[in-house]
Structures are given as C-alpha cells and as structure tokens.
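Peer 1: If it helps, the file is called query.csv and holds CSV, C-alpha atoms:
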chain,number,residue,atom,x,y,z
A,284,MET,CA,63.1,89.9,38.2
A,285,VAL,CA,65.4,89.4,41.1
A,286,ARG,CA,67.3,92.3,42.6
A,287,HIS,CA,69.7,92.4,45.6
A,288,SER,CA,69.3,95.1,48.3
A,289,PRO,CA,72.4,97.3,49.0
A,290,GLU,CA,73.0,95.2,52.2
A,291,ASP,CA,73.5,92.1,50.0
A,292,CYS,CA,76.4,93.8,48.3
A,293,PRO,CA,78.7,95.3,50.9
A,294,CYS,CA,81.3,95.8,48.2
A,295,ILE,CA,79.2,98.4,46.5
A,296,LEU,CA,81.6,101.2,47.3
A,297,GLY,CA,84.3,99.1,45.8
A,298,CYS,CA,82.6,98.5,42.4
A,299,ARG,CA,84.9,99.6,39.7
A,300,SER,CA,84.7,100.3,36.0
A,301,HIS,CA,87.4,97.7,35.4
A,302,ARG,CA,86.5,94.3,34.0
A,303,ASP,CA,87.9,92.5,37.0
A,304,ARG,CA,85.4,94.1,39.4
A,305,ASP,CA,83.7,92.0,42.0
A,306,GLU,CA,81.0,89.9,40.4
A,307,ARG,CA,78.9,90.2,43.5
A,308,CYS,CA,78.4,93.8,42.6
A,309,GLU,CA,77.0,92.9,39.2
A,310,GLY,CA,73.3,93.5,39.2
A,311,SER,CA,73.2,94.9,42.7
A,312,GLY,CA,70.1,96.7,43.8
A,313,SER,CA,71.2,100.3,43.7
A,314,VAL,CA,71.9,100.5,40.0
A,315,LYS,CA,71.7,104.3,39.8
A,316,PHE,CA,74.0,104.7,42.8
A,317,ARG,CA,76.5,102.1,41.5
A,318,LEU,CA,76.6,103.8,38.1
A,319,LEU,CA,77.2,107.2,39.7
A,320,LEU,CA,80.2,105.7,41.6
A,321,ASN,CA,81.6,104.2,38.4
A,322,PHE,CA,81.1,107.5,36.6
A,323,GLN,CA,83.0,109.4,39.2
A,324,ASP,CA,85.7,106.8,39.3
A,325,VAL,CA,86.2,107.1,35.5
A,326,LEU,CA,86.2,110.8,35.3
A,327,VAL,CA,88.1,111.9,38.4
A,328,PRO,CA,91.6,110.8,37.2
A,329,VAL,CA,90.9,112.2,33.7
A,330,VAL,CA,89.7,115.6,35.0
A,331,TYR,CA,92.7,115.7,37.5
A,332,MET,CA,95.2,115.2,34.7
A,333,HIS,CA,93.6,117.7,32.4
A,334,ILE,CA,93.3,120.3,35.1
A,335,GLN,CA,97.0,120.1,35.9
A,336,THR,CA,98.0,120.3,32.3
A,337,PHE,CA,95.6,123.2,31.7
A,338,LEU,CA,97.2,125.1,34.6
A,339,CYS,CA,100.6,124.6,33.0
A,340,HIS,CA,99.2,125.9,29.7
A,341,LEU,CA,97.5,128.8,31.3
A,342,ASN,CA,100.8,129.8,33.0
A,343,CYS,CA,102.5,129.9,29.6
A,344,GLU,CA,99.8,132.2,28.3
A,345,ALA,CA,99.8,134.4,31.4
A,346,LEU,CA,103.6,134.8,31.2
A,347,GLN,CA,103.3,135.5,27.4
A,348,ILE,CA,105.8,132.8,26.7
A,349,SER,CA,106.0,132.0,23.0
A,350,HIS,CA,105.8,128.3,22.0
A,351,THR,CA,108.9,127.0,20.4
A,352,ASN,CA,109.0,124.7,17.4
A,353,CYS,CA,109.1,121.8,19.7
A,354,GLY,CA,105.6,122.6,21.0
A,355,LEU,CA,105.8,123.1,24.7
A,356,CYS,CA,106.8,126.3,26.6
A,357,VAL,CA,109.7,126.1,29.0
A,358,SER,CA,107.6,126.3,32.1
A,359,THR,CA,105.5,123.3,31.1
A,360,ARG,CA,108.7,121.3,30.5
A,361,ILE,CA,109.9,122.3,34.0
A,362,VAL,CA,106.7,121.2,35.5
A,363,ALA,CA,106.9,117.8,33.7
A,364,CYS,CA,110.5,117.3,35.0
A,365,CYS,CA,109.4,118.2,38.5
A,366,ILE,CA,106.5,115.8,38.4
A,367,LEU,CA,108.8,113.0,37.2
A,368,LEU,CA,111.5,113.8,39.9
A,369,ILE,CA,108.9,113.9,42.7
A,370,TYR,CA,107.3,110.6,41.5
A,371,LEU,CA,110.6,108.8,41.2
A,372,SER,CA,111.8,110.2,44.6
A,373,LEU,CA,108.7,109.0,46.4
A,374,VAL,CA,108.4,105.6,44.6
A,375,TYR,CA,112.1,104.7,45.2
A,376,GLY,CA,112.7,106.7,48.4
A,377,ILE,CA,109.8,106.0,50.7
A,378,TYR,CA,110.3,103.2,53.2
A,379,VAL,CA,107.4,100.7,53.2
A,380,PRO,CA,107.0,98.9,56.6
A,381,ASP,CA,105.1,95.7,57.3
A,382,TRP,CA,101.3,96.3,57.2
A,383,GLU,CA,98.1,94.6,58.1
A,384,PHE,CA,94.6,94.4,56.6
A,385,ARG,CA,91.3,92.6,57.3
A,386,VAL,CA,90.0,90.3,54.6
A,387,ARG,CA,86.6,91.7,53.5
A,388,ASN,CA,85.8,89.2,50.7
A,389,VAL,CA,83.0,87.0,52.1
A,390,ASP,CA,83.9,84.2,49.7
A,391,SER,CA,87.4,83.9,51.1
A,392,LEU,CA,88.3,81.3,53.7
A,393,ASN,CA,90.1,84.0,55.6
A,394,TYR,CA,87.1,86.3,55.7
A,395,GLY,CA,87.2,88.6,58.8
A,396,LYS,CA,90.8,87.6,59.6
A,397,VAL,CA,93.6,90.2,60.0
A,398,LEU,CA,96.6,89.2,57.8
A,399,THR,CA,100.1,90.7,57.8
A,400,VAL,CA,102.1,91.6,54.8
A,401,THR,CA,105.9,91.6,55.3
A,402,CYS,CA,107.7,94.4,53.5
A,403,GLY,CA,110.3,96.4,55.4
A,404,THR,CA,111.8,97.6,52.1
A,405,ARG,CA,112.5,100.7,50.0
A,406,GLY,CA,112.2,101.2,46.2
A,407,ASN,CA,110.3,97.9,45.7
A,408,LEU,CA,107.7,97.8,42.8
A,409,SER,CA,106.2,94.5,43.8
A,410,PRO,CA,102.4,94.4,44.4
A,411,PRO,CA,102.4,94.4,48.2
A,412,CYS,CA,105.4,96.6,49.0
A,413,ASN,CA,105.3,99.5,46.6
A,414,ALA,CA,105.2,103.1,47.8
A,415,VAL,CA,102.1,103.9,45.7
A,416,GLY,CA,100.0,101.6,47.7
A,417,TYR,CA,101.6,102.7,51.0
A,418,ILE,CA,100.7,106.3,50.3
A,419,ASP,CA,97.1,105.4,49.5
A,420,ARG,CA,96.7,103.3,52.6
A,421,LYS,CA,98.0,106.2,54.8
A,422,VAL,CA,96.1,109.0,53.1
A,423,LEU,CA,92.9,107.4,51.8
A,424,GLY,CA,92.6,104.7,54.4
A,425,ILE,CA,92.9,101.0,53.7
A,426,ASN,CA,89.1,100.5,54.0
A,427,HIS,CA,88.5,102.9,51.1
A,428,LEU,CA,90.7,101.1,48.6
A,429,TYR,CA,89.5,98.7,45.8
A,430,GLN,CA,89.0,95.3,47.3
A,431,LYS,CA,89.7,93.2,44.2
A,432,PRO,CA,92.7,94.6,42.3
A,433,ALA,CA,94.2,93.1,39.2
A,434,TRP,CA,97.1,91.4,41.1
A,435,ARG,CA,94.6,88.7,42.3
A,436,ARG,CA,95.4,87.2,38.9
A,437,HIS,CA,99.2,87.1,39.6
A,438,ARG,CA,101.0,83.8,39.1
A,439,ASP,CA,101.9,83.8,42.8
A,440,CYS,CA,98.2,83.9,43.7
A,441,THR,CA,96.4,81.5,41.3
A,442,ASP,CA,97.2,78.7,39.0
A,443,ASP,CA,94.8,80.2,36.4
A,444,SER,CA,97.0,83.3,35.9
A,445,PRO,CA,96.8,85.5,33.9
A,446,TYR,CA,93.0,84.9,34.5
A,447,GLU,CA,91.3,85.2,37.8
A,448,GLY,CA,90.7,81.9,39.7
A,449,PRO,CA,90.8,80.3,43.1
A,450,PHE,CA,93.8,81.2,45.2
A,451,LYS,CA,96.6,78.7,45.7
A,452,ARG,CA,96.8,77.0,49.1
A,453,ASP,CA,100.2,78.7,49.7
A,454,ALA,CA,99.2,82.0,48.2
A,455,PRO,CA,100.8,85.0,50.0
A,456,ALA,CA,98.7,87.2,52.2
A,457,TRP,CA,98.8,90.2,49.8
A,458,CYS,CA,96.8,88.3,47.2
A,459,ALA,CA,93.7,89.2,49.2
A,460,SER,CA,94.7,92.7,50.1
A,461,PRO,CA,93.1,95.9,48.6
A,462,PHE,CA,94.8,98.3,46.2
A,463,GLU,CA,93.7,101.5,44.5
A,464,PRO,CA,94.4,101.4,40.7
A,465,GLU,CA,93.7,105.2,40.4
A,466,GLY,CA,95.6,106.2,43.5
A,467,LEU,CA,97.2,109.5,44.4
A,468,LEU,CA,100.7,108.9,43.2
A,469,SER,CA,99.8,107.0,40.1
A,470,SER,CA,97.3,109.8,39.1
A,471,PHE,CA,100.1,112.3,39.7
A,472,SER,CA,102.5,110.6,37.3
A,473,ALA,CA,99.7,110.2,34.8
A,474,VAL,CA,99.8,113.9,34.3
A,475,LEU,CA,103.0,113.3,32.2
A,476,SER,CA,100.9,111.4,29.6
A,477,THR,CA,98.6,114.4,29.3
A,478,ILE,CA,101.5,116.8,28.9
A,479,ILE,CA,103.0,114.6,26.1
A,480,GLY,CA,99.6,114.7,24.4
A,481,VAL,CA,99.6,118.5,24.7
A,482,HIS,CA,103.0,118.5,23.0
A,483,TYR,CA,101.5,116.5,20.1
A,484,GLY,CA,98.7,119.0,19.9
A,485,HIS,CA,101.0,122.0,19.9
A,486,VAL,CA,103.0,120.5,17.0
A,487,LEU,CA,99.7,120.3,15.0
A,488,VAL,CA,98.9,123.9,15.8
A,489,HIS,CA,102.3,125.6,15.4
A,490,MET,CA,103.7,123.7,12.5
A,491,LYS,CA,102.0,124.0,9.1
A,492,SER,CA,104.0,121.5,7.0
A,493,HIS,CA,102.9,117.9,6.9
A,494,MET,CA,106.5,116.6,6.9
A,495,ASP,CA,107.5,118.9,9.8
A,496,ARG,CA,104.6,117.6,11.9
A,497,LEU,CA,105.3,114.0,11.0
A,498,LYS,CA,109.0,114.4,11.8
A,499,GLN,CA,108.2,115.7,15.3
A,500,TRP,CA,105.6,113.1,16.1
A,501,VAL,CA,107.5,110.1,14.7
A,502,THR,CA,110.8,111.2,16.3
A,503,MET,CA,109.3,111.7,19.7
A,504,GLY,CA,107.1,108.6,19.4
A,505,VAL,CA,110.0,106.3,18.5
A,506,ALA,CA,112.3,107.8,21.1
A,507,LEU,CA,109.7,107.3,23.9
A,508,LEU,CA,108.8,103.8,22.8
A,509,LEU,CA,112.5,102.7,22.7
A,510,LEU,CA,113.1,104.3,26.1
A,511,GLY,CA,110.2,102.5,27.6
A,512,ILE,CA,111.2,99.2,26.2
A,513,ILE,CA,114.8,99.6,27.3
A,514,LEU,CA,113.7,100.5,30.8
A,515,HIS,CA,111.4,97.5,31.0
A,516,PHE,CA,113.7,94.8,29.6
A,517,SER,CA,116.7,96.1,31.5
A,518,HIS,CA,114.6,95.6,34.7
A,519,ALA,CA,115.4,99.2,35.6
A,520,ILE,CA,111.7,100.3,35.6
A,521,PRO,CA,109.3,97.6,34.6
A,522,LEU,CA,106.0,98.3,32.8
A,523,ASN,CA,103.2,98.6,35.3
A,524,LYS,CA,99.9,100.3,34.7
A,525,GLN,CA,98.8,100.0,38.3
A,526,LEU,CA,101.7,102.1,39.4
A,527,TYR,CA,101.8,104.2,36.2
A,528,THR,CA,105.6,103.8,36.0
A,529,LEU,CA,107.8,105.9,33.7
A,530,SER,CA,108.3,102.9,31.3
A,531,TYR,CA,104.6,102.5,31.0
A,532,ILE,CA,104.2,106.2,30.3
A,533,CYS,CA,106.9,106.1,27.6
A,534,VAL,CA,105.6,103.0,25.9
A,535,THR,CA,102.0,104.1,25.7
A,536,ALA,CA,102.8,107.7,24.8
A,537,GLY,CA,105.3,106.6,22.2
A,538,ALA,CA,103.0,104.1,20.7
A,539,ALA,CA,100.2,106.7,20.6
A,540,GLY,CA,102.5,109.1,18.7
A,541,ILE,CA,103.4,106.5,16.1
A,542,VAL,CA,99.8,105.4,15.6
A,543,PHE,CA,98.7,109.0,15.4
A,544,SER,CA,101.3,109.7,12.8
A,545,MET,CA,100.2,106.8,10.7
A,546,LEU,CA,96.6,107.9,10.8
A,547,TYR,CA,97.5,111.5,10.1
A,548,PHE,CA,99.5,110.4,7.0
A,549,LEU,CA,96.6,108.2,5.7
A,550,VAL,CA,93.9,110.7,6.4
A,551,ASP,CA,95.5,114.2,5.8
A,552,VAL,CA,98.3,113.4,3.4
A,553,VAL,CA,96.9,110.5,1.4
A,554,SER,CA,93.3,111.7,1.9
A,555,LEU,CA,91.7,108.4,2.8
A,556,ARG,CA,89.2,110.2,4.9
A,557,TYR,CA,86.1,108.2,4.1
A,558,VAL,CA,87.7,104.9,5.1
A,559,PHE,CA,88.4,106.3,8.6
A,560,GLU,CA,85.2,108.3,9.0
A,561,PRO,CA,84.0,106.1,11.9
A,562,LEU,CA,87.1,107.1,13.9
A,563,ARG,CA,86.1,110.8,13.3
A,564,TRP,CA,82.7,110.1,14.7
A,565,VAL,CA,84.1,108.5,17.8
A,566,GLY,CA,86.5,111.4,18.2
A,567,MET,CA,83.6,114.0,18.0
A,568,ASN,CA,81.8,112.1,20.8
A,569,ALA,CA,84.8,110.7,22.6
A,570,MET,CA,83.5,111.4,26.1
A,571,LEU,CA,80.3,109.5,25.4
A,572,VAL,CA,82.1,106.5,23.9
A,573,TYR,CA,84.7,106.4,26.7
A,574,VAL,CA,82.2,106.5,29.6
A,575,MET,CA,79.5,104.3,28.1
A,576,ALA,CA,81.6,101.7,26.3
A,577,ALA,CA,85.2,101.7,27.5
A,578,ALA,CA,84.4,102.3,31.1
A,579,GLY,CA,81.5,99.8,31.0
A,580,ILE,CA,78.8,102.1,32.3
A,581,PHE,CA,76.2,101.0,29.7
A,582,GLU,CA,77.0,97.3,30.3
A,583,GLY,CA,76.9,97.9,34.0
A,584,PHE,CA,73.4,99.3,33.6
A,585,LEU,CA,72.2,96.3,31.5
A,586,ASN,CA,73.8,93.9,34.0
A,587,GLY,CA,71.8,95.5,36.8
A,588,TRP,CA,68.7,93.7,35.4
A,589,TYR,CA,68.7,90.0,35.3
A,590,TYR,CA,66.5,86.9,35.6
A,591,ASP,CA,67.0,84.2,38.2
A,592,GLY,CA,70.8,85.0,38.7
A,593,PRO,CA,73.5,87.7,38.0
A,594,LYS,CA,74.7,85.7,35.0
A,595,ASN,CA,71.3,85.7,33.3
A,596,THR,CA,71.6,89.2,31.7
A,597,LEU,CA,71.3,90.4,28.1
A,598,VAL,CA,75.1,91.1,28.0
A,599,TYR,CA,76.1,87.7,29.2
A,600,TRP,CA,73.6,85.9,26.9
A,601,VAL,CA,74.8,87.8,23.8
A,602,ARG,CA,78.5,87.3,24.6
A,603,LYS,CA,78.0,83.5,25.3
A,604,HIS,CA,75.5,82.5,22.5
A,605,VAL,CA,76.2,85.0,19.7
A,606,PHE,CA,80.0,85.1,20.0
A,607,VAL,CA,81.7,82.4,22.2
A,608,ARG,CA,79.5,79.4,21.2
A,609,VAL,CA,79.5,80.3,17.5
A,610,TRP,CA,83.3,80.4,17.3
A,611,HIS,CA,83.9,77.6,19.8
A,612,SER,CA,86.6,79.7,21.5
A,613,GLU,CA,86.2,82.0,24.5
A,614,ARG,CA,89.2,84.1,23.5
A,615,VAL,CA,88.1,84.6,19.9
A,616,GLY,CA,84.5,85.1,21.0
A,617,ILE,CA,85.3,87.8,23.5
A,618,LEU,CA,87.6,89.5,21.0
A,619,LEU,CA,84.9,89.7,18.4
A,620,TYR,CA,82.4,90.8,21.1
A,621,VAL,CA,84.6,93.7,22.0
A,622,LEU,CA,85.2,94.6,18.3
A,623,VAL,CA,81.5,94.5,17.4
A,624,ALA,CA,79.6,95.4,20.6
A,625,GLN,CA,82.1,97.9,22.1
A,626,ILE,CA,83.8,99.5,19.1
A,627,LEU,CA,81.8,99.1,15.9
A,628,LEU,CA,78.4,99.5,17.6
A,629,TRP,CA,79.4,102.7,19.4
A,630,ALA,CA,81.2,104.1,16.3
A,631,LEU,CA,77.9,103.7,14.4
A,632,LEU,CA,76.0,105.3,17.2
A,633,ALA,CA,78.4,108.2,17.4
A,634,GLY,CA,77.9,108.6,13.6
A,635,LEU,CA,74.1,108.8,14.1
A,636,LEU,CA,74.6,111.4,16.8
A,637,HIS,CA,76.9,113.4,14.6
A,638,ARG,CA,74.3,113.5,11.8
A,639,ALA,CA,71.8,114.7,14.4
A,640,GLY,CA,74.2,117.3,15.7
A,641,VAL,CA,74.3,115.8,19.2
A,642,TYR,CA,77.6,115.9,21.1
A,643,TRP,CA,78.5,115.1,24.7
A,644,LYS,CA,80.9,117.7,26.1
A,645,LEU,CA,82.1,118.9,29.5
Could I get this structure in the form of structure tokens?
Peer 2:
Amino acid sequence: MVRHSPEDCPCILGCRSHRDRDERCEGSGSVKFRLLLNFQDVLVPVVYMHIQTFLCHLNCEALQISHTNCGLCVSTRIVACCILLIYLSLVYGIYVPDWEFRVRNVDSLNYGKVLTVTCGTRGNLSPPCNAVGYIDRKVLGINHLYQKPAWRRHRDCTDDSPYEGPFKRDAPAWCASPFEPEGLLSSFSAVLSTIIGVHYGHVLVHMKSHMDRLKQWVTMGVALLLLGIILHFSHAIPLNKQLYTLSYICVTAGAAGIVFSMLYFLVDVVSLRYVFEPLRWVGMNAMLVYVMAAAGIFEGFLNGWYYDGPKNTLVYWVRKHVFVRVWHSERVGILLYVLVAQILLWALLAGLLHRAGVYWKL
C-alpha cells in the first residue's frame, strides 16, 4: 500500500468535491483531513443559502405577515429583488484591472513564474476578467482560491475541450490561473435559487387543490425557463454556473419547477407512488446521498487507498473494467457508472436506512 505524505501534495488545501479536482490530490496521505475539507466545501454554500432564506422567512413570521396565494411574503420578495440588484450592480459595475498570479501547478512548464492577465474592463463575464473572481481575489486572497477551475477545459486553453487536456502552446495566461467556484458573490446570488425553492414549498403548504398547485408551479417554472433561455441566447446574460448568473438561476429553477410538477402529478394525482419509491428514500436521506455520492466524499475516501499508483483504486477498477470496457465506450460506460454506482446504489442504501429508521439530519 503506497501513500503520499501531505508534503507530496501541496495542493491539499485546493482539493475540491468537483470531478475536475487535481488528480495529484487523489489518494493523498491525509485522507481524513482531505475529506473534512471537502465536507466543509460542500456544506458551507448550502448552509449559507439556507440561513439567508431562513432569516427572510423568520422576518415574515416576526412581522406576522400573512402569506399570499403566490407563496412568499412581501418582505422576502423585497430581499430577493435587493439581492438581484446588488449582484447585477457588482458584476456589471465593478472595474476589473490587470492582475498577476504565480503558477502553482508543478506539472506546468510555467511553474513558479508570475503571469499577467490583461483585463482593464467592466461588466465582462469572461473567465479571467469577471467581477466575481476579482472580489474573491481581493477578499479571500489569490493563494486561497481553487487552483484547477473548470475553465482549464475551455476551447482557448486546450484542444481536448470540453475535456481536460494539455494546454495549447499559445494558450492565454489565465488558463493556469486560480478561481473559486463557490466564491462570495456567486454564493450570494445562489440565495435566489433557495428563495424560489421556498416559494414552491409555500405553494404546497398554502394551497390545497392539486390543480391550483400545479398551475402555480408550471406557470412559474415555464416563465423562469423561458426567461433564462432568452437571456442566454440573446447574449444578454449567458448561462454560467461558475458565476451563478441570473440566466443560470432561471433555467435551473424553472426546470426544477417543471420536473417537480411532473413528479407531483404522477405521484400525488395519478398515485404511481410505488414506481417512484426510491426517490422518496433519497429525499428522506437527502443530506447523506448529497454529501457521500453527489459531492464524491465516499469515492474520495476509497480513492485514498490504492496499490502501486493513484489510478489503481477500487473506484477506477470498477469504472474501467465493469462499465467502460464492457460497453467499449468511455462516455456510455461513465454514464452507466453514474446511474448505477452513484444513483441506484445510493437509492437502495437510502431505502435500507429508511427501513431501519436511520436518517441523517442537520
């Protein structure tokens, strides 16, 4: 059994729950410490969003404001509008000057060099010159940001785009720069998604008719989805998860409302409950499934133990020999691996925990 010491993995503080995290951090020595960092990285944005929404809800109750048929009280709507205005004002109003960074990736030919990124712009949503990254660099410090962000797979950086690969010879400097996916400003705008979710919940609580509920959910879902698509394809506000843009919020919240309406109709109206019972099990242990499966904590633990090299782990072996090689396609194999090992398996485990009366709650 071969294990690295923490010194062998200087990027340990940058290990992320994302699938594009630094492979050098896979199987690093301090497994417990790395899992703790990933656990905190997963929960901090979630907790932040729910705390903000809870305070809005608590304010409604304290002021004894009755909920309207539309679900949210007036003060919560005002807070949502203020969040949106502040986010848009900062994203499009802050001037982003030129900035420098030191390459910390030891595999890079520019390791240790200080590179300059040319910006000098305002209202730019491109990877190197957006205000979200600028605020994080100023407040959090550039050395505390994620060292291998998703934009390394950008078509300007690698010929293997949308997959990660070696940089082009003429790749711009920002391809090797750090960026925080769960930064301050992007987490701030993400509160809007939680508030929309609260609206869906209020409709369920305050409306008793199936048709009234479905009308509210479908109407709002379709409206948000169309708004997000229009914003994106008109190039007004493109979809961008890293920046958590308004169009991304609208598309994801709208799609969630439509899917939720379909499931509600099938389960509560048509009464196909047994067919969708695994989804109920997952919902009753949602925190466990999210942290262990979706955030990759369990896989990260298994990848911490390997033989002869970081690629010789149980997870890699199963993915390669049971799924990819059988179907002779990496894309199909990985898709089936996710469906079986990360969805079906954890749904069945959640079902067993439900039968045992075990639930993971905060």
Peer 1: If I put a ball of radius 8 Å at (79.2, 110.5, 19.2) in the file's coordinates, which residues poke into it when counting all atoms listed in the file, written as a VMD selection string?
Peer 2: chain A and resid 564 to 569 571 to 572 629 to 630 632 to 637 641 to 643
Peer 1: What's the 9 Å shell around region 530-546 of chain A, counting only C-alpha atoms, without same-chain residues fewer than 5 positions away, as a ChimeraX atom specification?
Peer 2: /A:472-473,475-476,479-480,483,496-497,500-515,520-524,551,559
Peer 1: Considering all atoms listed in the file, can you say which of A:Leu619, A:Val553, A:Leu373, A:Leu408 comes closest to Val607 (chain A)?
Peer 2: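 Selected residue with least distance to Val607 (chain A): A:Leu619.
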Peer 1: State, in Å with one decimal place, the distance from CA of Phe462 (chain A) to CA of Gly416 (chain A).
Peer 2: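 One can read the CA of Phe462 (chain A) to CA of Gly416 (chain A) distance as 6.3 Å.
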Peer 1: For each of A:Lys431, A:Leu645, A:Ile478, A:Asp495, take the minimum atom-to-atom distance to Ser358 (chain A), counting all atoms listed in the file, then give the residue where this is smallest.
Peer 2: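 Distance minimum relative to Ser358 (chain A) lands on A:Ile478.
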Peer 1: Hey, what's within 7 Å of Val386 (chain A) if we count only C-alpha atoms and toss same-chain stuff fewer than 3 positions away? As a PyMOL selection string, please?
Peer 2: chain A and resi 393-397+459-460
Peer 1: Pick the closest to His482 (chain A) from A:Tyr589, A:Arg360, A:Gln430, A:Asp453: which is it, counting only C-alpha atoms?
Peer 2: A:Arg360
Peer 1: Here is a test: counting all atoms listed in the file, which residue of A:Val609, A:Val474, A:Val400, A:Val488 is nearest to Leu529 (chain A)?
Peer 2: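 Between A:Val609, A:Val474, A:Val400, A:Val488, the residue approaching Leu529 (chain A) most closely is A:Val474.
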Peer 1: Complete region 389-407 of chain A with N, CA, C and O atoms (output as a PDB file, in the frame of the given file).
Peer 2:
ATOM      1  N   VAL A 389      83.785  88.033  51.398  1.00  0.00           N
ATOM      2  CA  VAL A 389      83.000  87.000  52.100  1.00  0.00           C
ATOM      3  C   VAL A 389      83.217  85.627  51.526  1.00  0.00           C
ATOM      4  O   VAL A 389      82.918  84.627  52.173  1.00  0.00           O
ATOM      5  N   ASP A 390      83.685  85.547  50.293  1.00  0.00           N
ATOM      6  CA  ASP A 390      83.900  84.200  49.700  1.00  0.00           C
ATOM      7  C   ASP A 390      85.256  83.643  50.056  1.00  0.00           C
ATOM      8  O   ASP A 390      85.540  82.488  49.710  1.00  0.00           O
ATOM      9  N   SER A 391      86.083  84.407  50.758  1.00  0.00           N
ATOM     10  CA  SER A 391      87.400  83.900  51.100  1.00  0.00           C
ATOM     11  C   SER A 391      87.334  83.094  52.409  1.00  0.00           C
ATOM     12  O   SER A 391      86.525  83.345  53.323  1.00  0.00           O
ATOM     13  N   LEU A 392      88.207  82.085  52.478  1.00  0.00           N
ATOM     14  CA  LEU A 392      88.300  81.300  53.700  1.00  0.00           C
ATOM     15  C   LEU A 392      88.830  82.064  54.868  1.00  0.00           C
ATOM     16  O   LEU A 392      88.622  81.701  56.031  1.00  0.00           O
ATOM     17  N   ASN A 393      89.521  83.167  54.555  1.00  0.00           N
ATOM     18  CA  ASN A 393      90.100  84.000  55.600  1.00  0.00           C
ATOM     19  C   ASN A 393      89.226  85.230  55.904  1.00  0.00           C
ATOM     20  O   ASN A 393      89.704  86.208  56.481  1.00  0.00           O
ATOM     21  N   TYR A 394      87.957  85.176  55.519  1.00  0.00           N
ATOM     22  CA  TYR A 394      87.100  86.300  55.700  1.00  0.00           C
ATOM     23  C   TYR A 394      87.026  86.725  57.207  1.00  0.00           C
ATOM     24  O   TYR A 394      86.811  85.902  58.099  1.00  0.00           O
ATOM     25  N   GLY A 395      87.273  88.024  57.424  1.00  0.00           N
ATOM     26  CA  GLY A 395      87.200  88.600  58.800  1.00  0.00           C
ATOM     27  C   GLY A 395      88.568  88.489  59.508  1.00  0.00           C
ATOM     28  O   GLY A 395      88.733  89.138  60.549  1.00  0.00           O
ATOM     29  N   LYS A 396      89.520  87.742  58.968  1.00  0.00           N
ATOM     30  CA  LYS A 396      90.800  87.600  59.600  1.00  0.00           C
ATOM     31  C   LYS A 396      91.713  88.808  59.299  1.00  0.00           C
ATOM     32  O   LYS A 396      91.584  89.430  58.252  1.00  0.00           O
ATOM     33  N   VAL A 397      92.628  89.097  60.210  1.00  0.00           N
ATOM     34  CA  VAL A 397      93.600  90.200  60.000  1.00  0.00           C
ATOM     35  C   VAL A 397      94.925  89.488  59.550  1.00  0.00           C
ATOM     36  O   VAL A 397      95.502  88.689  60.296  1.00  0.00           O
ATOM     37  N   LEU A 398      95.362  89.808  58.325  1.00  0.00           N
ATOM     38  CA  LEU A 398      96.600  89.200  57.800  1.00  0.00           C
ATOM     39  C   LEU A 398      97.695  90.246  57.743  1.00  0.00           C
ATOM     40  O   LEU A 398      97.446  91.452  57.640  1.00  0.00           O
ATOM     41  N   THR A 399      98.908  89.787  57.844  1.00  0.00           N
ATOM     42  CA  THR A 399     100.100  90.700  57.800  1.00  0.00           C
ATOM     43  C   THR A 399     100.887  90.466  56.567  1.00  0.00           C
ATOM     44  O   THR A 399     101.127  89.335  56.141  1.00  0.00           O
ATOM     45  N   VAL A 400     101.268  91.585  55.968  1.00  0.00           N
ATOM     46  CA  VAL A 400     102.100  91.600  54.800  1.00  0.00           C
ATOM     47  C   VAL A 400     103.498  92.034  55.168  1.00  0.00           C
ATOM     48  O   VAL A 400     103.666  93.135  55.702  1.00  0.00           O
ATOM     49  N   THR A 401     104.486  91.236  54.893  1.00  0.00           N
ATOM     50  CA  THR A 401     105.900  91.600  55.300  1.00  0.00           C
ATOM     51  C   THR A 401     106.552  92.336  54.158  1.00  0.00           C
ATOM     52  O   THR A 401     106.654  91.861  53.028  1.00  0.00           O
ATOM     53  N   CYS A 402     107.002  93.531  54.491  1.00  0.00           N
ATOM     54  CA  CYS A 402     107.700  94.400  53.500  1.00  0.00           C
ATOM     55  C   CYS A 402     109.061  94.807  54.071  1.00  0.00           C
ATOM     56  O   CYS A 402     110.063  94.159  53.847  1.00  0.00           O
ATOM     57  N   GLY A 403     109.074  95.930  54.799  1.00  0.00           N
ATOM     58  CA  GLY A 403     110.300  96.400  55.400  1.00  0.00           C
ATOM     59  C   GLY A 403     111.353  96.703  54.288  1.00  0.00           C
ATOM     60  O   GLY A 403     112.517  96.297  54.408  1.00  0.00           O
ATOM     61  N   THR A 404     110.942  97.415  53.243  1.00  0.00           N
ATOM     62  CA  THR A 404     111.800  97.600  52.100  1.00  0.00           C
ATOM     63  C   THR A 404     111.649  99.035  51.550  1.00  0.00           C
ATOM     64  O   THR A 404     110.728  99.767  51.928  1.00  0.00           O
ATOM     65  N   ARG A 405     112.525  99.380  50.630  1.00  0.00           N
ATOM     66  CA  ARG A 405     112.500 100.700  50.000  1.00  0.00           C
ATOM     67  C   ARG A 405     112.738 100.513  48.490  1.00  0.00           C
ATOM     68  O   ARG A 405     113.579  99.714  48.085  1.00  0.00           O
ATOM     69  N   GLY A 406     111.998 101.244  47.659  1.00  0.00           N
ATOM     70  CA  GLY A 406     112.200 101.200  46.200  1.00  0.00           C
ATOM     71  C   GLY A 406     111.728  99.884  45.592  1.00  0.00           C
ATOM     72  O   GLY A 406     112.204  99.493  44.524  1.00  0.00           O
ATOM     73  N   ASN A 407     110.777  99.216  46.219  1.00  0.00           N
ATOM     74  CA  ASN A 407     110.300  97.900  45.700  1.00  0.00           C
ATOM     75  C   ASN A 407     108.992  98.211  44.907  1.00  0.00           C
ATOM     76  O   ASN A 407     108.092  98.909  45.365  1.00  0.00           O
TER      77      ASN A 407
END
